[in-house]
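Chemist: Sharing query.pdb (PDB, C-alpha atoms) below.
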ATOM      1  CA  ALA A 148      61.334 -24.943 -12.988  1.00  0.00           C
ATOM      2  CA  ILE A 149      60.145 -21.778 -11.260  1.00  0.00           C
ATOM      3  CA  ASN A 150      61.478 -23.073  -7.950  1.00  0.00           C
ATOM      4  CA  TYR A 151      64.903 -23.713  -9.498  1.00  0.00           C
ATOM      5  CA  LEU A 152      65.007 -20.276 -11.163  1.00  0.00           C
ATOM      6  CA  LEU A 153      64.096 -18.732  -7.827  1.00  0.00           C
ATOM      7  CA  HIS A 154      66.905 -20.686  -6.158  1.00  0.00           C
ATOM      8  CA  ILE A 155      69.424 -19.435  -8.735  1.00  0.00           C
ATOM      9  CA  SER A 156      68.268 -15.837  -8.346  1.00  0.00           C
ATOM     10  CA  VAL A 157      68.589 -16.103  -4.555  1.00  0.00           C
ATOM     11  CA  ALA A 158      71.813 -18.127  -4.322  1.00  0.00           C
ATOM     12  CA  HIS A 159      73.869 -16.890  -7.252  1.00  0.00           C
ATOM     13  CA  VAL A 160      72.484 -13.521  -8.276  1.00  0.00           C
ATOM     14  CA  GLY A 161      71.697 -12.217  -4.779  1.00  0.00           C
ATOM     15  CA  LEU A 162      68.115 -11.209  -5.481  1.00  0.00           C
ATOM     16  CA  PHE A 163      65.463 -11.440  -2.790  1.00  0.00           C
ATOM     17  CA  PRO A 164      67.604 -11.390   0.379  1.00  0.00           C
ATOM     18  CA  SER A 165      64.568 -12.225   2.535  1.00  0.00           C
ATOM     19  CA  LEU A 166      64.143 -15.488   0.612  1.00  0.00           C
ATOM     20  CA  SER A 167      67.801 -16.292   1.149  1.00  0.00           C
ATOM     21  CA  GLN A 168      67.355 -15.661   4.865  1.00  0.00           C
ATOM     22  CA  PHE A 169      64.217 -17.844   4.998  1.00  0.00           C
ATOM     23  CA  ARG A 170      66.019 -20.643   3.165  1.00  0.00           C
ATOM     24  CA  SER A 171      69.069 -20.494   5.425  1.00  0.00           C
ATOM     25  CA  GLU A 172      67.231 -20.049   8.738  1.00  0.00           C
ATOM     26  CA  TYR A 173      64.271 -22.379   8.237  1.00  0.00           C
ATOM     27  CA  LEU A 174      64.406 -24.638   5.193  1.00  0.00           C
ATOM     28  CA  TYR A 175      68.008 -25.843   5.291  1.00  0.00           C
ATOM     29  CA  PRO A 176      68.025 -26.790   8.990  1.00  0.00           C
ATOM     30  CA  LEU A 177      64.710 -28.633   8.602  1.00  0.00           C
ATOM     31  CA  SER A 178      65.766 -30.592   5.535  1.00  0.00           C
ATOM     32  CA  LYS A 179      69.499 -31.349   5.848  1.00  0.00           C
ATOM     33  CA  ASP A 180      69.139 -34.546   7.921  1.00  0.00           C
ATOM     34  CA  LEU A 181      66.039 -35.992   6.267  1.00  0.00           C
ATOM     35  CA  LEU A 182      66.222 -39.554   5.012  1.00  0.00           C
ATOM     36  CA  LEU A 183      64.587 -40.547   1.720  1.00  0.00           C
ATOM     37  CA  ARG A 184      61.933 -42.365   3.772  1.00  0.00           C
ATOM     38  CA  ASP A 185      61.208 -39.141   5.694  1.00  0.00           C
ATOM     39  CA  ILE A 186      61.037 -37.062   2.528  1.00  0.00           C
ATOM     40  CA  SER A 187      58.624 -39.545   0.942  1.00  0.00           C
ATOM     41  CA  LEU A 188      56.347 -39.616   3.976  1.00  0.00           C
ATOM     42  CA  ILE A 189      56.348 -35.832   4.432  1.00  0.00           C
ATOM     43  CA  ALA A 190      55.645 -35.277   0.727  1.00  0.00           C
ATOM     44  CA  LEU A 191      52.765 -37.755   0.620  1.00  0.00           C
ATOM     45  CA  LEU A 192      51.138 -36.622   3.850  1.00  0.00           C
ATOM     46  CA  SER A 193      51.513 -32.906   3.171  1.00  0.00           C
ATOM     47  CA  GLY A 194      50.523 -33.110  -0.492  1.00  0.00           C
ATOM     48  CA  PHE A 195      47.442 -35.221   0.056  1.00  0.00           C
ATOM     49  CA  GLY A 196      46.539 -33.761   3.454  1.00  0.00           C
ATOM     50  CA  GLU A 197      46.733 -30.141   2.343  1.00  0.00           C
ATOM     51  CA  GLU A 198      44.765 -30.793  -0.820  1.00  0.00           C
ATOM     52  CA  LEU A 199      42.033 -32.666   1.031  1.00  0.00           C
ATOM     53  CA  LEU A 200      41.788 -29.769   3.482  1.00  0.00           C
ATOM     54  CA  PHE A 201      42.156 -26.776   1.152  1.00  0.00           C
ATOM     55  CA  ARG A 202      40.799 -27.961  -2.216  1.00  0.00           C
ATOM     56  CA  GLY A 203      38.397 -30.433  -0.599  1.00  0.00           C
ATOM     57  CA  VAL A 204      36.709 -29.418   2.646  1.00  0.00           C
ATOM     58  CA  LEU A 205      37.474 -25.683   2.734  1.00  0.00           C
ATOM     59  CA  ALA A 206      36.872 -25.084  -0.974  1.00  0.00           C
ATOM     60  CA  TYR A 207      33.545 -26.876  -0.839  1.00  0.00           C
ATOM     61  CA  GLU A 208      32.340 -24.905   2.176  1.00  0.00           C
ATOM     62  CA  VAL A 209      33.720 -21.496   1.202  1.00  0.00           C
ATOM     63  CA  ASN A 210      32.667 -21.805  -2.448  1.00  0.00           C
ATOM     64  CA  SER A 211      29.117 -22.644  -1.384  1.00  0.00           C
ATOM     65  CA  LEU A 212      29.052 -19.517   0.822  1.00  0.00           C
ATOM     66  CA  LEU A 213      30.899 -16.996  -1.375  1.00  0.00           C
ATOM     67  CA  GLY A 214      30.818 -18.429  -4.884  1.00  0.00           C
ATOM     68  CA  GLU A 215      33.682 -20.021  -6.799  1.00  0.00           C
ATOM     69  CA  THR A 216      35.762 -16.942  -7.614  1.00  0.00           C
ATOM     70  CA  LEU A 217      35.812 -15.449  -4.110  1.00  0.00           C
ATOM     71  CA  GLY A 218      36.030 -18.927  -2.610  1.00  0.00           C
ATOM     72  CA  ILE A 219      39.093 -19.817  -4.650  1.00  0.00           C
ATOM     73  CA  LEU A 220      40.760 -16.504  -3.746  1.00  0.00           C
ATOM     74  CA  LEU A 221      40.048 -16.884  -0.030  1.00  0.00           C
ATOM     75  CA  VAL A 222      41.079 -20.539   0.181  1.00  0.00           C
ATOM     76  CA  SER A 223      44.253 -19.806  -1.793  1.00  0.00           C
ATOM     77  CA  PHE A 224      45.124 -16.936   0.550  1.00  0.00           C
ATOM     78  CA  VAL A 225      44.532 -19.121   3.619  1.00  0.00           C
ATOM     79  CA  PHE A 226      46.720 -21.825   2.005  1.00  0.00           C
ATOM     80  CA  ALA A 227      49.511 -19.257   1.548  1.00  0.00           C
ATOM     81  CA  TYR A 228      49.136 -17.763   5.006  1.00  0.00           C
ATOM     82  CA  VAL A 229      49.176 -21.136   6.776  1.00  0.00           C
ATOM     83  CA  HIS A 230      52.574 -21.880   5.237  1.00  0.00           C
ATOM     84  CA  LEU A 231      53.965 -18.716   6.848  1.00  0.00           C
ATOM     85  CA  ILE A 232      52.028 -18.353  10.108  1.00  0.00           C
ATOM     86  CA  GLY A 233      53.711 -15.692  12.195  1.00  0.00           C
ATOM     87  CA  MET A 234      56.091 -14.728   9.392  1.00  0.00           C
ATOM     88  CA  ALA A 235      53.804 -13.479   6.609  1.00  0.00           C
ATOM     89  CA  LYS A 236      54.742  -9.791   6.975  1.00  0.00           C
ATOM     90  CA  GLU A 237      58.452 -10.572   7.069  1.00  0.00           C
ATOM     91  CA  TYR A 238      58.279 -12.825   3.999  1.00  0.00           C
ATOM     92  CA  ILE A 239      55.621 -11.090   1.891  1.00  0.00           C
ATOM     93  CA  LEU A 240      57.259 -12.279  -1.348  1.00  0.00           C
ATOM     94  CA  LEU A 241      56.899 -15.882  -0.198  1.00  0.00           C
ATOM     95  CA  LEU A 242      53.277 -15.211   0.730  1.00  0.00           C
ATOM     96  CA  ILE A 243      52.666 -13.998  -2.826  1.00  0.00           C
ATOM     97  CA  LEU A 244      54.439 -17.057  -4.266  1.00  0.00           C
ATOM     98  CA  TYR A 245      52.385 -19.417  -2.093  1.00  0.00           C
ATOM     99  CA  LEU A 246      49.242 -17.527  -3.090  1.00  0.00           C
ATOM    100  CA  GLY A 247      50.125 -18.174  -6.741  1.00  0.00           C
ATOM    101  CA  VAL A 248      50.648 -21.866  -6.024  1.00  0.00           C
ATOM    102  CA  GLY A 249      47.358 -21.997  -4.136  1.00  0.00           C
ATOM    103  CA  LEU A 250      45.532 -20.350  -7.049  1.00  0.00           C
ATOM    104  CA  TYR A 251      47.158 -22.778  -9.478  1.00  0.00           C
ATOM    105  CA  TYR A 252      46.115 -25.819  -7.418  1.00  0.00           C
ATOM    106  CA  SER A 253      42.614 -24.396  -6.882  1.00  0.00           C
ATOM    107  CA  TYR A 254      41.991 -23.747 -10.546  1.00  0.00           C
ATOM    108  CA  LEU A 255      43.511 -27.080 -11.521  1.00  0.00           C
ATOM    109  CA  SER A 256      41.170 -28.949  -9.180  1.00  0.00           C
ATOM    110  CA  TRP A 257      38.208 -26.833 -10.301  1.00  0.00           C
ATOM    111  CA  PHE A 258      39.058 -27.324 -13.989  1.00  0.00           C
ATOM    112  CA  ASN A 259      39.412 -31.104 -13.879  1.00  0.00           C
ATOM    113  CA  GLY A 260      36.794 -31.618 -11.170  1.00  0.00           C
ATOM    114  CA  GLN A 261      38.923 -33.773  -8.895  1.00  0.00           C
ATOM    115  CA  ILE A 262      41.467 -33.455  -6.122  1.00  0.00           C
ATOM    116  CA  LEU A 263      43.562 -36.558  -6.872  1.00  0.00           C
ATOM    117  CA  THR A 264      45.539 -34.979  -9.724  1.00  0.00           C
ATOM    118  CA  VAL A 265      46.280 -31.902  -7.629  1.00  0.00           C
ATOM    119  CA  ALA A 266      47.248 -34.004  -4.582  1.00  0.00           C
ATOM    120  CA  ILE A 267      49.670 -36.086  -6.670  1.00  0.00           C
ATOM    121  CA  SER A 268      51.150 -32.921  -8.207  1.00  0.00           C
ATOM    122  CA  HIS A 269      51.493 -31.291  -4.777  1.00  0.00           C
ATOM    123  CA  ALA A 270      53.095 -34.407  -3.248  1.00  0.00           C
ATOM    124  CA  LEU A 271      55.535 -34.700  -6.161  1.00  0.00           C
ATOM    125  CA  PHE A 272      56.428 -31.010  -5.889  1.00  0.00           C
ATOM    126  CA  ASN A 273      57.032 -31.372  -2.135  1.00  0.00           C
ATOM    127  CA  PHE A 274      59.125 -34.521  -2.684  1.00  0.00           C
ATOM    128  CA  LEU A 275      61.359 -32.878  -5.290  1.00  0.00           C
ATOM    129  CA  SER A 276      61.636 -29.667  -3.261  1.00  0.00           C
ATOM    130  CA  LEU A 277      62.704 -31.548  -0.133  1.00  0.00           C
ATOM    131  CA  LEU A 278      65.259 -33.582  -2.085  1.00  0.00           C
ATOM    132  CA  PHE A 279      66.656 -30.395  -3.579  1.00  0.00           C
ATOM    133  CA  LEU A 280      66.701 -28.589  -0.219  1.00  0.00           C
ATOM    134  CA  ARG A 281      68.457 -31.511   1.473  1.00  0.00           C
ATOM    135  CA  LYS A 282      71.137 -31.565  -1.207  1.00  0.00           C
ATOM    136  CA  ALA A 283      71.611 -27.792  -1.126  1.00  0.00           C
ATOM    137  CA  ALA A 284      71.717 -27.716   2.689  1.00  0.00           C
ATOM    138  CA  ASN A 285      74.334 -30.461   2.809  1.00  0.00           C
ATOM    139  CA  ASN A 286      76.400 -28.764   0.086  1.00  0.00           C
ATOM    140  CA  GLN A 287      76.289 -25.528   2.069  1.00  0.00           C
ATOM    141  CA  HIS A 288      77.259 -27.387   5.249  1.00  0.00           C
ATOM    142  CA  ARG A 289      80.245 -29.049   3.506  1.00  0.00           C
ATOM    143  CA  ALA A 290      81.348 -25.725   1.998  1.00  0.00           C
ATOM    144  CA  ARG A 291      81.403 -24.077   5.440  1.00  0.00           C
ATOM    145  CA  HIS A 292      83.511 -26.865   6.916  1.00  0.00           C
ATOM    146  CA  CYS A 293      86.018 -26.703   4.057  1.00  0.00           C
ATOM    147  CA  LEU A 294      86.800 -23.043   4.733  1.00  0.00           C
TER     148      LEU A 294
END
Write out the structure in this file as structure tokens.
Modeler:
Amino acid sequence: AINYLLHISVAHVGLFPSLSQFRSEYLYPLSKDLLLRDISLIALLSGFGEELLFRGVLAYEVNSLLGETLGILLVSFVFAYVHLIGMAKEYILLLILYLGVGLYYSYLSWFNGQILTVAISHALFNFLSLLFLRKAANNQHRARHCL
């Protein structure tokens, strides 16, 4: 729901021009030609892989060194930063959004004591996001060619 509201505010209201630029320059070109098979594979591998790395291995190690609160903050920041390597300063709003997602996933895994629920949620989010991006990218492509 938050993702959709963000899309509306970027596409129709004109808020957050840097997010519009990021979407047009990076997300649309990457997603417009994806097949359903590709979207499914990317969503599963990224959702489960990222959660095993960030909420599994890294959280365990960092939490044991720094404690849970600092560990969750650090791992969540690294999660956000990795999604925007080389572009974090340019897209600071996205960094903050990814940090929020990382905190949500971290606290969810800490609260229920397992990674599986978080990995499924992350994979489902990625799947739906990629489907949405593919549709939006193809709609934008068709609209340009109709002009």
Chemist: Quick one: axis-aligned box around all listed atoms of region 224-238 of chain A, 3 Å on every side, centre and edge lengths in Å to one decimal, written as lines of an AutoDock Vina configuration file.
Modeler:
center_x = 51.5
center_y = -15.8
center_z = 6.4
size_x = 19.9
size_y = 18.1
size_z = 17.6
Chemist: Need to verify the contact set: Leu250 (chain A), 7 Å, all atoms listed in the file, exclusion of same-chain residues closer than 2 positions in sequence. Can you return it as a ChimeraX atom specification?
Modeler: /A:219-220,223,246-248,252-254
Chemist: Around (36.6, -18.8, -9.9), as given in the file, which residues come within 12 Å? Count all atoms listed in the file and list them as number ranges by chain.
Modeler: A: 206, 209-211, 213-223, 250-251, 253-258
Chemist: Region 164-170 of chain A: which residues within 10 Å, counting all atoms listed in the file, same-chain residues fewer than 4 positions away excluded, as a ChimeraX atom specification?
Modeler: /A:153-154,156-158,174-177,234,237-241,280,284
Chemist: Show me the residues around (48.5, -28.5, 3.5) - criterion: an atom at most 10 Å away, all atoms listed in the file counted - as a count of residues only.
Modeler: 17
Chemist: Rounded to one decimal, what separation in Å do you get between CA of Leu263 (chain A) and CA of Ile189 (chain A)?
Modeler: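 These atoms are spaced 17.1 Å apart.
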Chemist: Quick one: pull the distance between CA of Lys236 (chain A) and CA of Asn285 (chain A), Å, one decimal.
Modeler: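 The value is 28.8 Å.
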Chemist: Work out how far apart CA of Leu275 (chain A) and CA of Leu152 (chain A) are and give it in Å to one decimal.
Modeler: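 Atom-to-atom, CA of Leu275 (chain A) and CA of Leu152 (chain A) are spaced 14.4 Å apart.
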Chemist: Quick one: of A:Phe274, A:Phe163, A:Phe279, A:Tyr173, who's nearest to Ile186 (chain A), counting all atoms listed in the file?
Modeler: A:Phe274
